[in-house]
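Okay, run.txt is below, compact mmCIF, C-alpha atoms:
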```txt
# COMPACT_ATOMS: atom_id res chain seq x y z
CA MET A 1 -20.95 32.42 -15.81
CA LYS A 2 -19.75 32.30 -12.26
CA LYS A 3 -18.20 35.28 -10.56
CA GLN A 4 -14.48 35.72 -11.24
CA VAL A 5 -12.44 34.97 -8.14
CA SER A 6 -9.06 36.54 -7.38
CA LEU A 7 -5.95 35.00 -8.94
CA PHE A 8 -4.68 34.10 -5.49
CA THR A 9 -7.81 32.10 -4.71
CA GLU A 10 -7.44 30.39 -8.08
CA TYR A 11 -4.24 28.89 -6.72
CA THR A 12 -5.17 28.28 -3.07
CA LYS A 13 -8.52 26.62 -3.69
CA GLY A 14 -6.74 23.44 -4.76
CA LEU A 15 -4.77 23.22 -1.53
CA TRP A 16 -7.72 22.62 0.74
CA ASP A 17 -11.25 23.69 -0.28
CA GLN A 18 -11.11 21.67 -3.47
CA ASN A 19 -8.22 19.38 -2.60
CA PRO A 20 -8.16 16.83 -5.44
CA VAL A 21 -7.75 13.80 -3.18
CA PHE A 22 -9.55 14.65 0.04
CA LYS A 23 -12.38 16.77 -1.35
CA GLN A 24 -12.84 15.91 -5.02
CA VAL A 25 -11.72 12.29 -4.58
CA LEU A 26 -9.93 12.38 -7.94
CA GLY A 27 -6.74 10.59 -8.91
CA MET A 28 -7.29 7.76 -6.45
CA CYS A 29 -5.30 5.19 -8.41
CA PRO A 30 -1.88 6.84 -7.99
CA ALA A 31 -2.81 8.14 -4.55
CA LEU A 32 -3.35 4.60 -3.32
CA ALA A 33 -0.82 2.72 -5.41
CA VAL A 34 2.44 4.62 -5.11
CA THR A 35 2.25 6.02 -1.57
CA VAL A 36 4.28 3.28 0.12
CA SER A 37 6.81 6.00 0.99
CA ALA A 38 6.75 9.79 1.23
CA MET A 39 9.37 10.12 -1.51
CA ASN A 40 7.30 8.08 -3.96
CA GLY A 41 4.28 10.24 -3.20
CA ILE A 42 6.21 13.46 -3.74
CA ALA A 43 7.76 12.21 -6.99
CA MET A 44 4.37 11.09 -8.31
CA ALA A 45 2.81 14.43 -7.36
CA LEU A 46 5.64 16.35 -9.05
CA ALA A 47 5.21 14.34 -12.24
CA THR A 48 1.45 14.87 -12.14
CA THR A 49 1.83 18.60 -11.47
CA PHE A 50 4.18 18.95 -14.42
CA VAL A 51 1.77 17.20 -16.77
CA LEU A 52 -1.22 19.05 -15.35
CA THR A 53 0.38 22.50 -15.60
CA PHE A 54 1.62 22.16 -19.16
CA SER A 55 -1.53 20.46 -20.41
CA SER A 56 -3.63 23.21 -18.83
CA LEU A 57 -1.49 25.92 -20.38
CA ILE A 58 -1.60 24.45 -23.89
CA ILE A 59 -5.28 23.56 -23.74
CA SER A 60 -6.21 26.97 -22.40
CA LEU A 61 -4.20 28.62 -25.19
CA ILE A 62 -5.89 26.67 -27.98
CA ARG A 63 -9.29 26.25 -26.28
CA LYS A 64 -11.06 28.33 -28.92
CA LEU A 65 -9.54 26.38 -31.82
CA ILE A 66 -10.58 22.91 -30.68
CA PRO A 67 -13.96 21.80 -32.06
CA THR A 68 -16.13 20.60 -29.16
CA GLN A 69 -16.73 17.21 -30.81
CA VAL A 70 -13.06 16.24 -30.62
CA ARG A 71 -12.07 18.09 -27.47
CA ILE A 72 -11.64 14.98 -25.28
CA ALA A 73 -9.50 13.27 -27.92
CA SER A 74 -7.40 16.43 -28.26
CA TYR A 75 -6.95 16.71 -24.49
CA ILE A 76 -5.85 13.10 -24.24
CA VAL A 77 -3.28 13.50 -27.03
CA ILE A 78 -1.86 16.61 -25.37
CA ILE A 79 -1.82 15.00 -21.91
CA ALA A 80 -0.23 11.82 -23.27
CA THR A 81 2.49 13.88 -24.92
CA PHE A 82 3.51 15.48 -21.64
CA VAL A 83 3.31 12.16 -19.80
CA THR A 84 5.68 10.65 -22.35
CA VAL A 85 8.02 13.60 -21.81
CA VAL A 86 8.03 12.90 -18.06
CA ASP A 87 8.52 9.18 -18.60
CA LEU A 88 11.46 9.62 -21.00
CA VAL A 89 13.18 12.25 -18.84
CA MET A 90 12.77 10.15 -15.72
CA ARG A 91 14.10 7.03 -17.39
CA ALA A 92 17.07 8.95 -18.75
CA GLN A 93 17.95 11.02 -15.68
CA PHE A 94 16.40 9.32 -12.63
CA PRO A 95 16.48 5.57 -13.40
CA GLU A 96 16.05 4.54 -9.73
CA LEU A 97 12.92 6.62 -9.25
CA SER A 98 11.58 5.48 -12.59
CA LYS A 99 12.00 1.83 -11.53
CA GLU A 100 10.19 2.53 -8.28
CA LEU A 101 7.21 4.25 -9.89
CA GLY A 102 7.29 1.87 -12.84
CA PRO A 103 4.01 1.58 -14.73
CA TYR A 104 2.32 4.37 -12.76
CA ILE A 105 3.99 7.13 -14.77
CA PRO A 106 2.38 6.16 -18.11
CA LEU A 107 -0.89 5.77 -16.19
CA ILE A 108 -0.92 9.51 -15.44
CA VAL A 109 -2.55 9.81 -18.88
CA VAL A 110 -5.75 8.38 -17.48
CA ASN A 111 -5.56 10.21 -14.15
CA CYS A 112 -9.04 11.71 -13.98
CA LEU A 113 -7.68 14.68 -12.04
CA ILE A 114 -5.87 15.92 -15.15
CA LEU A 115 -8.64 15.33 -17.67
CA GLY A 116 -11.14 16.65 -15.13
CA ARG A 117 -9.34 19.98 -14.74
CA GLN A 118 -9.10 20.40 -18.53
CA GLU A 119 -12.79 19.79 -19.03
CA ALA A 120 -13.92 21.75 -15.99
CA PHE A 121 -11.45 24.61 -15.97
CA SER A 122 -8.75 25.08 -18.63
CA SER A 123 -11.15 24.86 -21.53
CA LYS A 124 -13.14 27.79 -20.10
CA ASN A 125 -10.48 30.07 -18.61
CA THR A 126 -7.51 32.22 -19.60
CA PRO A 127 -4.03 30.63 -19.67
CA LEU A 128 -2.92 32.49 -16.51
CA ARG A 129 -5.86 31.23 -14.50
CA ALA A 130 -5.52 27.73 -15.94
CA VAL A 131 -1.86 27.55 -14.90
CA LEU A 132 -2.60 28.86 -11.40
CA ASP A 133 -5.43 26.38 -11.03
CA ALA A 134 -3.16 23.54 -12.21
CA LEU A 135 -0.36 24.52 -9.82
CA GLY A 136 -2.83 24.73 -6.96
CA MET A 137 -4.36 21.36 -7.73
CA GLY A 138 -0.86 19.91 -8.11
CA THR A 139 0.19 21.28 -4.74
CA GLY A 140 -2.97 19.93 -3.15
CA PHE A 141 -2.27 16.56 -4.74
CA MET A 142 1.25 16.69 -3.34
CA ILE A 143 0.01 17.55 0.17
CA ALA A 144 -2.31 14.56 0.05
CA LEU A 145 0.20 12.10 -1.42
CA ALA A 146 3.08 13.20 0.80
CA SER A 147 1.01 12.90 3.98
CA LEU A 148 -0.44 9.55 2.91
CA GLY A 149 3.01 8.28 1.95
CA GLY A 150 4.57 9.70 5.10
CA ILE A 151 2.11 7.99 7.44
CA ARG A 152 2.40 4.69 5.61
CA GLU A 153 6.20 4.88 5.56
CA ILE A 154 6.51 5.70 9.27
CA LEU A 155 4.20 2.89 10.36
CA GLY A 156 5.11 0.42 7.64
CA SER A 157 8.88 0.75 7.38
CA ARG A 158 9.82 2.87 10.44
CA THR A 159 11.35 5.55 8.22
CA LEU A 160 10.42 8.95 6.82
CA LEU A 161 12.07 9.96 3.53
CA GLY A 162 14.48 7.08 4.09
CA VAL A 163 15.59 8.22 7.56
CA GLN A 164 14.68 6.00 10.48
CA VAL A 165 12.28 7.82 12.80
CA MET A 166 10.82 4.97 14.85
CA PRO A 167 12.83 3.00 17.42
CA ASP A 168 13.95 -0.51 16.54
CA ALA A 169 11.61 -1.82 19.23
CA PHE A 170 8.68 -0.69 17.08
CA ASP A 171 7.56 -3.59 14.94
CA PRO A 172 6.66 -2.26 11.46
CA TRP A 173 3.02 -2.73 10.51
CA LEU A 174 3.39 -4.65 7.30
CA VAL A 175 -0.21 -3.99 6.35
CA MET A 176 0.63 -0.30 5.90
CA ILE A 177 2.84 -0.92 2.88
CA LEU A 178 0.38 -3.40 1.40
CA PRO A 179 -2.57 -2.16 -0.67
CA ALA A 180 -4.91 -2.59 2.30
CA GLY A 181 -2.86 -0.05 4.25
CA ALA A 182 -3.49 2.54 1.55
CA PHE A 183 -7.25 2.14 1.81
CA LEU A 184 -7.19 2.18 5.61
CA THR A 185 -5.00 5.29 5.81
CA LEU A 186 -6.93 7.19 3.17
CA GLY A 187 -10.27 6.26 4.71
CA LEU A 188 -9.25 7.28 8.20
CA MET A 189 -7.68 10.52 6.97
CA MET A 190 -10.76 11.48 4.96
CA GLY A 191 -13.03 10.56 7.85
CA GLY A 192 -10.95 12.57 10.29
CA LEU A 193 -10.84 15.60 8.00
CA ASN A 194 -14.60 15.48 7.38
CA GLN A 195 -15.17 15.23 11.12
CA MET A 196 -13.03 18.33 11.63
CA VAL A 197 -14.92 20.29 9.00
CA LEU A 198 -18.27 19.13 10.37
CA ARG A 199 -17.36 20.10 13.92
CA LYS A 200 -16.24 23.53 12.78
CA LYS A 201 -19.49 23.99 10.89
CA THR A 202 -21.71 23.01 13.83
CA ARG A 203 -19.75 25.29 16.12
CA GLU A 204 -20.20 28.19 13.73
CA GLU A 205 -23.88 27.49 13.41
CA ARG A 206 -24.29 27.35 17.15
CA GLU A 207 -22.47 30.64 17.56
CA LEU A 208 -24.63 32.18 14.91
CA ALA A 209 -27.78 30.93 16.59
CA ALA A 210 -26.56 32.18 19.96
CA ARG A 211 -25.92 35.61 18.54
CA HIS A 212 -29.44 35.73 17.12
CA LEU A 213 -30.95 34.84 20.46
CA GLN A 214 -29.01 37.55 22.23
CA LYS A 215 -30.31 40.21 19.91
CA PRO A 216 -32.66 42.76 21.48
CA LYS A 217 -36.22 41.52 21.76
CA MET A 218 -37.46 44.29 19.57
CA SER A 219 -36.72 42.42 16.39
CA LEU A 220 -38.54 39.38 17.69
CA GLU A 221 -41.61 41.37 18.63
CA HIS A 222 -41.43 43.09 15.32
CA GLY A 223 -41.43 39.72 13.65
CA GLN A 224 -44.46 38.59 15.64
CA GLU A 225 -46.43 41.62 14.63
CA ALA A 226 -45.76 41.01 10.98
CA MET B 1 -18.79 19.30 -43.77
CA LYS B 2 -16.95 22.26 -42.39
CA THR B 3 -17.06 20.87 -38.84
CA ILE B 4 -15.78 17.50 -39.98
CA LEU B 5 -12.89 19.17 -41.76
CA GLY B 6 -12.17 21.29 -38.71
CA MET B 7 -12.15 18.21 -36.49
CA LEU B 8 -9.80 16.35 -38.82
CA VAL B 9 -7.41 19.25 -39.22
CA THR B 10 -7.25 20.14 -35.52
CA LEU B 11 -6.70 16.62 -34.29
CA SER B 12 -4.15 15.86 -37.00
CA LEU B 13 -2.24 19.05 -36.25
CA ILE B 14 -2.14 18.27 -32.54
CA GLY B 15 -0.95 14.76 -33.31
CA VAL B 16 1.78 15.91 -35.69
CA VAL B 17 3.11 18.56 -33.32
CA SER B 18 3.07 16.15 -30.36
CA GLY B 19 4.70 13.36 -32.32
CA GLY B 20 7.38 15.64 -33.71
CA GLY B 21 8.25 16.99 -30.29
CA LEU B 22 8.41 13.54 -28.77
CA ALA B 23 10.60 12.25 -31.59
CA MET B 24 13.12 14.98 -30.84
CA LEU B 25 13.04 14.28 -27.12
CA SER B 26 13.37 10.57 -27.71
CA SER B 27 16.51 10.97 -29.82
CA TRP B 28 18.06 12.67 -26.80
CA ALA B 29 16.75 10.26 -24.17
CA ASP B 30 17.24 6.90 -25.88
CA PRO B 31 21.05 6.71 -25.62
CA LEU B 32 20.85 7.73 -21.95
CA ILE B 33 18.22 5.09 -21.20
CA ALA B 34 20.29 2.43 -22.94
CA ALA B 35 23.36 3.51 -20.93
CA ASN B 36 21.39 3.24 -17.68
CA LYS B 37 20.26 -0.23 -18.56
CA LYS B 38 23.79 -1.29 -19.43
CA ALA B 39 25.12 0.12 -16.15
CA ASP B 40 22.48 -1.86 -14.26
CA THR B 41 23.43 -5.11 -15.98
CA GLU B 42 27.12 -4.43 -15.43
CA ARG B 43 26.63 -3.79 -11.72
CA ALA B 44 24.66 -7.02 -11.35
CA ILE B 45 27.31 -9.04 -13.21
CA PHE B 46 30.06 -7.86 -10.88
CA GLN B 47 27.85 -8.50 -7.87
CA VAL B 48 27.25 -12.14 -8.74
CA GLN B 49 30.85 -12.69 -9.85
CA PRO B 50 32.99 -10.98 -7.19
CA ASP B 51 36.27 -12.13 -8.78
CA ALA B 52 35.39 -10.79 -12.18
CA LYS B 53 37.29 -7.90 -13.68
CA ASN B 54 35.79 -7.92 -17.11
CA TYR B 55 32.98 -9.52 -19.07
CA GLU B 56 31.88 -10.23 -22.61
CA LYS B 57 28.52 -11.05 -24.11
CA VAL B 58 28.13 -14.61 -25.37
CA GLU B 59 26.66 -14.26 -28.85
CA THR B 60 26.08 -17.91 -29.72
CA VAL B 61 22.98 -18.41 -27.51
CA SER B 62 19.54 -17.02 -28.17
CA TYR B 63 19.25 -15.40 -24.72
CA GLU B 64 21.36 -12.95 -22.78
CA LEU B 65 24.49 -14.54 -21.32
CA TYR B 66 27.77 -13.03 -20.19
CA ARG B 67 31.13 -14.74 -19.87
CA VAL B 68 33.11 -13.14 -17.05
CA LEU B 69 36.87 -12.84 -17.08
CA ASP B 70 39.45 -12.30 -14.34
CA ALA B 71 42.26 -9.74 -14.42
CA THR B 72 44.39 -11.83 -16.81
CA GLY B 73 41.55 -12.44 -19.24
CA ASN B 74 40.79 -16.06 -18.26
CA ALA B 75 37.14 -17.08 -18.17
CA VAL B 76 36.05 -17.69 -14.58
CA GLY B 77 32.37 -18.33 -15.17
CA TYR B 78 29.12 -16.97 -16.48
CA ALA B 79 26.51 -14.44 -15.46
CA LEU B 80 23.07 -15.45 -16.63
CA PRO B 81 20.01 -13.20 -16.44
CA TRP B 82 16.96 -15.44 -16.15
CA GLU B 83 13.33 -14.86 -15.26
CA GLY B 84 10.26 -16.75 -14.16
CA ASN B 85 7.07 -16.47 -12.17
CA GLY B 86 7.14 -15.37 -8.58
CA PHE B 87 4.26 -15.12 -6.14
CA GLN B 88 2.68 -12.02 -7.67
CA GLY B 89 4.53 -11.44 -10.89
CA ASN B 90 7.74 -11.81 -12.77
CA ILE B 91 11.04 -12.24 -10.96
CA ARG B 92 14.20 -11.49 -12.91
CA LEU B 93 17.48 -12.77 -11.55
CA MET B 94 21.15 -12.52 -12.40
CA VAL B 95 22.75 -15.87 -11.65
CA GLY B 96 26.51 -16.14 -11.34
CA VAL B 97 27.93 -19.60 -12.03
CA THR B 98 31.41 -21.11 -12.32
CA SER B 99 32.79 -22.22 -15.68
CA ASP B 100 32.04 -25.92 -15.01
CA LEU B 101 28.39 -24.98 -14.32
CA MET B 102 28.50 -26.93 -11.05
CA THR B 103 28.58 -24.14 -8.47
CA ILE B 104 26.67 -20.90 -8.13
CA THR B 105 28.81 -17.94 -7.15
CA ALA B 106 25.94 -15.65 -6.13
CA ILE B 107 22.55 -14.44 -7.30
CA GLU B 108 21.08 -10.99 -7.55
CA VAL B 109 17.41 -10.01 -7.89
CA LEU B 110 17.00 -7.55 -10.75
CA GLU B 111 13.23 -7.18 -10.77
CA GLN B 112 10.48 -8.43 -8.49
CA VAL B 113 7.00 -7.46 -7.32
CA GLU B 114 6.72 -9.77 -4.31
CA THR B 115 4.78 -8.91 -1.15
CA PRO B 116 6.58 -6.10 0.69
CA GLY B 117 8.10 -7.31 3.94
CA LEU B 118 7.58 -11.00 3.19
CA GLY B 119 8.41 -11.98 -0.36
CA THR B 120 10.85 -9.09 -0.68
CA LYS B 121 13.12 -10.93 1.77
CA ILE B 122 14.36 -12.86 -1.27
CA MET B 123 16.55 -9.82 -1.89
CA GLU B 124 18.05 -9.87 1.59
CA ASP B 125 21.19 -11.71 2.57
CA PRO B 126 19.86 -14.30 5.02
CA PHE B 127 18.14 -15.90 2.04
CA ARG B 128 20.13 -14.68 -0.93
CA GLY B 129 23.46 -15.34 0.77
CA GLN B 130 22.62 -19.06 0.85
CA PHE B 131 23.34 -19.16 -2.88
CA ASN B 132 26.94 -18.01 -2.44
CA GLY B 133 29.02 -21.06 -3.35
CA LEU B 134 25.96 -23.28 -3.50
CA VAL B 135 26.39 -26.55 -5.35
CA ALA B 136 23.94 -26.68 -8.26
CA ASP B 137 24.54 -30.30 -9.23
CA PRO B 138 22.27 -32.02 -10.16
CA GLN B 139 20.06 -29.09 -9.16
CA VAL B 140 19.30 -26.71 -6.33
CA ASP B 141 16.94 -28.08 -3.71
CA TRP B 142 14.97 -26.44 -0.91
CA VAL B 143 13.89 -27.37 2.61
CA LYS B 144 11.10 -25.78 4.58
CA GLY B 145 11.23 -25.00 8.28
CA ALA B 146 14.62 -26.60 8.91
CA PRO B 147 18.19 -25.48 8.33
CA ALA B 148 19.70 -26.65 5.07
CA THR B 149 21.86 -29.75 5.57
CA LYS B 150 23.02 -30.69 2.07
CA GLU B 151 25.37 -28.55 0.08
CA ASN B 152 22.82 -28.02 -2.71
CA GLN B 153 20.02 -26.97 -0.36
CA VAL B 154 18.60 -23.63 0.67
CA GLU B 155 16.14 -22.98 3.47
CA THR B 156 12.93 -21.22 2.40
CA ILE B 157 11.82 -17.99 4.05
CA THR B 158 9.11 -18.37 6.68
CA GLY B 159 5.99 -16.68 5.30
CA ALA B 160 7.40 -16.52 1.80
CA THR B 161 7.74 -20.16 0.79
CA ILE B 162 6.31 -19.56 -2.66
CA SER B 163 8.71 -16.71 -3.41
CA SER B 164 11.64 -18.78 -2.12
CA LYS B 165 10.67 -21.79 -4.20
CA ALA B 166 10.21 -19.52 -7.22
CA ILE B 167 13.81 -18.35 -6.92
CA VAL B 168 15.04 -21.95 -6.74
CA ALA B 169 12.91 -22.87 -9.76
CA ILE B 170 14.20 -19.94 -11.81
CA VAL B 171 17.81 -20.79 -10.95
CA ASN B 172 17.30 -24.45 -11.87
CA ASP B 173 15.49 -23.58 -15.08
CA GLY B 174 18.25 -21.21 -16.14
CA MET B 175 20.95 -23.72 -15.27
CA THR B 176 19.25 -26.52 -17.18
CA ASN B 177 19.05 -24.37 -20.27
CA LEU B 178 22.64 -23.26 -19.96
CA ARG B 179 23.89 -26.85 -19.45
CA ASN B 180 21.98 -28.11 -22.50
CA ASP B 181 23.45 -25.41 -24.66
CA MET B 182 26.93 -26.08 -23.36
CA LYS B 183 26.57 -29.79 -24.06
CA GLU B 184 25.67 -29.05 -27.65
CA GLY B 185 28.70 -26.83 -27.79
CA GLY B 186 26.55 -23.86 -28.59
CA ALA B 187 28.15 -21.46 -26.18
CA GLN B 188 31.76 -22.45 -26.52
```

Rendering of file as structure tokens:
Amino acid sequence: MKKQVSLFTEYTKGLWDQNPVFKQVLGMCPALAVTVSAMNGIAMALATTFVLTFSSLIISLIRKLIPTQVRIASYIVIIATFVTVVDLVMRAQFPELSKELGPYIPLIVVNCLILGRQEAFSSKNTPLRAVLDALGMGTGFMIALASLGGIREILGSRTLLGVQVMPDAFDPWLVMILPAGAFLTLGLMMGGLNQMVLRKKTREERELAARHLQKPKMSLEHGQEA
Amino acid sequence: MKTILGMLVTLSLIGVVSGGGLAMLSSWADPLIAANKKADTERAIFQVQPDAKNYEKVETVSYELYRVLDATGNAVGYALPWEGNGFQGNIRLMVGVTSDLMTITAIEVLEQVETPGLGTKIMEDPFRGQFNGLVADPQVDWVKGAPATKENQVETITGATISSKAIVAIVNDGMTNLRNDMKEGGAQ
């Protein structure tokens, strides 16, 4: 059993350290498919967060009642129920958005991010922690999808959230709103972020090494004697 | 034995509770979804038949067809939803046509999954506007890379010839069906 972390960390870990898209590389299908605009990304992330939060809550509540042999089947039924709720509510109240996201809403059922969190987290933790974890992962998913969608929308259609932000003289890069643009953007973003993390790590290591060298010689001599 | 029973009971219970909840939600959502769909169709009908004030569904044909009426209740034409293959998937159109089935009033794209920025130009007016008042007799024709010269011709979109031709084919297909049915007196 790993050490219990604070409730706050339970939420924030999903934002960056374990960001579902950039770090865990989960939920790639919706992340690539629907992010032609920032609004689509945000809507998809909201739908996913809703499903994730409620599934985590329910599964965490009944985690001790589910026999291990049928746990995956039970998770899927519960997840599918909440996805259907989202689909019906969207079609009834937000028909435009529902048309835009089309078949990707029902596909949330098989989003490995959701099933992954149930198997890895909700089924082993208290409801409060499960909900915080789900909200954190959902927020991290939203950060990733909104930034992906935003970049693709600005370069691909000159707009951000439907408002024109690039001058008319800028010729939209069609490739950005095609599937290839999703792969390119995601790849470059992940590469850039990894580079940042790597650079920070090497700098820290160098500082650490420098501090060791500056230490009084005594310790070194002591070490040689031993 | 006990585990098997436990598995059966748990999974069944989850299924029953989920199904029950969804059934309740669905009874609330279904009328709203139907209303949305109807509003969509209605909007498209009035877009392809600008003179229309009212419409009625034609019940004597096996597909969806609407007869549109002007302010005094006279039939001015038809609005025909028709679909066919595009470049990447299904294209669904609403075709407005005059009562004599000779002239198209306008078309409207209801559903499409064409290439963004290229094929999606079928929804924009430089292309779509060519169908306003287009003669559809004997059928709609297309030209590539040159302005349309005949009154039943449209010019295809550069870079989206297949999507453009698909629209023409869907319109022609729909019109042929409609004309055949009219000839048999089916939709009178």

Per residue of chain A within 9 Å of chain B, note the shortest atom pair and the distance in Å to one decimal, counting all atoms listed in the file, and order the rows by chain and increasing residue number, as JSON lines.
```
{"residue": "A:Leu65", "atom": "CA", "partner": "B:Thr10", "partner_atom": "CA", "distance": 7.6}
{"residue": "A:Ile66", "atom": "CA", "partner": "B:Thr10", "partner_atom": "CA", "distance": 6.5}
{"residue": "A:Pro67", "atom": "CA", "partner": "B:Met7", "partner_atom": "CA", "distance": 6.0}
{"residue": "A:Thr68", "atom": "CA", "partner": "B:Met7", "partner_atom": "CA", "distance": 8.7}
{"residue": "A:Gln69", "atom": "CA", "partner": "B:Met7", "partner_atom": "CA", "distance": 7.4}
{"residue": "A:Val70", "atom": "CA", "partner": "B:Met7", "partner_atom": "CA", "distance": 6.3}
{"residue": "A:Arg71", "atom": "CA", "partner": "B:Leu11", "partner_atom": "CA", "distance": 8.8}
{"residue": "A:Ala73", "atom": "CA", "partner": "B:Leu11", "partner_atom": "CA", "distance": 7.7}
{"residue": "A:Ser74", "atom": "CA", "partner": "B:Leu11", "partner_atom": "CA", "distance": 6.1}
{"residue": "A:Val77", "atom": "CA", "partner": "B:Gly15", "partner_atom": "CA", "distance": 6.8}
{"residue": "A:Ile78", "atom": "CA", "partner": "B:Ser18", "partner_atom": "CA", "distance": 7.0}
{"residue": "A:Ala80", "atom": "CA", "partner": "B:Ser18", "partner_atom": "CA", "distance": 8.9}
{"residue": "A:Thr81", "atom": "CA", "partner": "B:Ser18", "partner_atom": "CA", "distance": 5.9}
{"residue": "A:Phe82", "atom": "CA", "partner": "B:Ser18", "partner_atom": "CA", "distance": 8.8}
{"residue": "A:Thr84", "atom": "CA", "partner": "B:Leu22", "partner_atom": "CA", "distance": 7.6}
{"residue": "A:Val85", "atom": "CA", "partner": "B:Leu22", "partner_atom": "CA", "distance": 7.0}
{"residue": "A:Leu88", "atom": "CA", "partner": "B:Ala29", "partner_atom": "CA", "distance": 6.2}
{"residue": "A:Val89", "atom": "CA", "partner": "B:Ala29", "partner_atom": "CA", "distance": 6.7}
{"residue": "A:Arg91", "atom": "CA", "partner": "B:Ile33", "partner_atom": "CA", "distance": 5.9}
{"residue": "A:Ala92", "atom": "CA", "partner": "B:Ile33", "partner_atom": "CA", "distance": 4.7}
{"residue": "A:Gln93", "atom": "CA", "partner": "B:Leu32", "partner_atom": "CA", "distance": 7.7}
{"residue": "A:Pro95", "atom": "CA", "partner": "B:Asn36", "partner_atom": "CA", "distance": 6.9}
{"residue": "A:Ser157", "atom": "CA", "partner": "B:Gly117", "partner_atom": "CA", "distance": 8.8}
{"residue": "A:Leu174", "atom": "CA", "partner": "B:Gly117", "partner_atom": "CA", "distance": 6.4}
{"residue": "A:Ile177", "atom": "CA", "partner": "B:Pro116", "partner_atom": "CA", "distance": 6.8}
{"residue": "A:Leu178", "atom": "CA", "partner": "B:Pro116", "partner_atom": "CA", "distance": 6.8}
```

Practice task
Within 10 Å of Arg129 of chain A, counting all atoms listed in the file, which residues show up once you throw out same-chain ones fewer than 6 positions away? Write them as a ChimeraX atom specification, please.
Solution key: /A:5-8,10-11,56-57,60,121-122,135

Exercise for the section: Name the closest residue to Gly138 of chain A among the candidates A:Ala38, A:Ala182, A:Leu15, A:Met28; distances are taken between atoms, counting all atoms listed in the file. Expected result: A:Leu15

Exercise for the section: Could you please determine the separation between atom CA of Gly181 of chain A and atom CA of Leu32 of chain A in Å, to one decimal place? Expected result: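 Separation between atom CA of Gly181 of chain A and atom CA of Leu32 of chain A: 8.9 Å.
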
Fill in the blank from the handout: As a check of understanding: the span from atom CA of Ile157 of chain B to atom CA of Asn85 of chain B is 17.0 Å

So which residues are close to (25.0, -30.1, -8.1), meaning at most 9 Å away in the file's coordinates with only C-alpha atoms counted, and can you show them as a tab-separated table (two decimals) with C-alpha atoms, in the frame of the given file?
```tsv
chain	number	residue	atom	x	y	z
B	101	LEU	CA	28.39	-24.98	-14.32
B	102	MET	CA	28.50	-26.93	-11.05
B	103	THR	CA	28.58	-24.14	-8.47
B	134	LEU	CA	25.96	-23.28	-3.50
B	135	VAL	CA	26.39	-26.55	-5.35
B	136	ALA	CA	23.94	-26.68	-8.26
B	137	ASP	CA	24.54	-30.30	-9.23
B	138	PRO	CA	22.27	-32.02	-10.16
B	139	GLN	CA	20.06	-29.09	-9.16
B	140	VAL	CA	19.30	-26.71	-6.33
B	151	GLU	CA	25.37	-28.55	0.08
B	152	ASN	CA	22.82	-28.02	-2.71
```

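Across the structure, atom CA of Ala180 of chain A and atom CA of Glu153 of chain A are spaced 13.8 Å apart.
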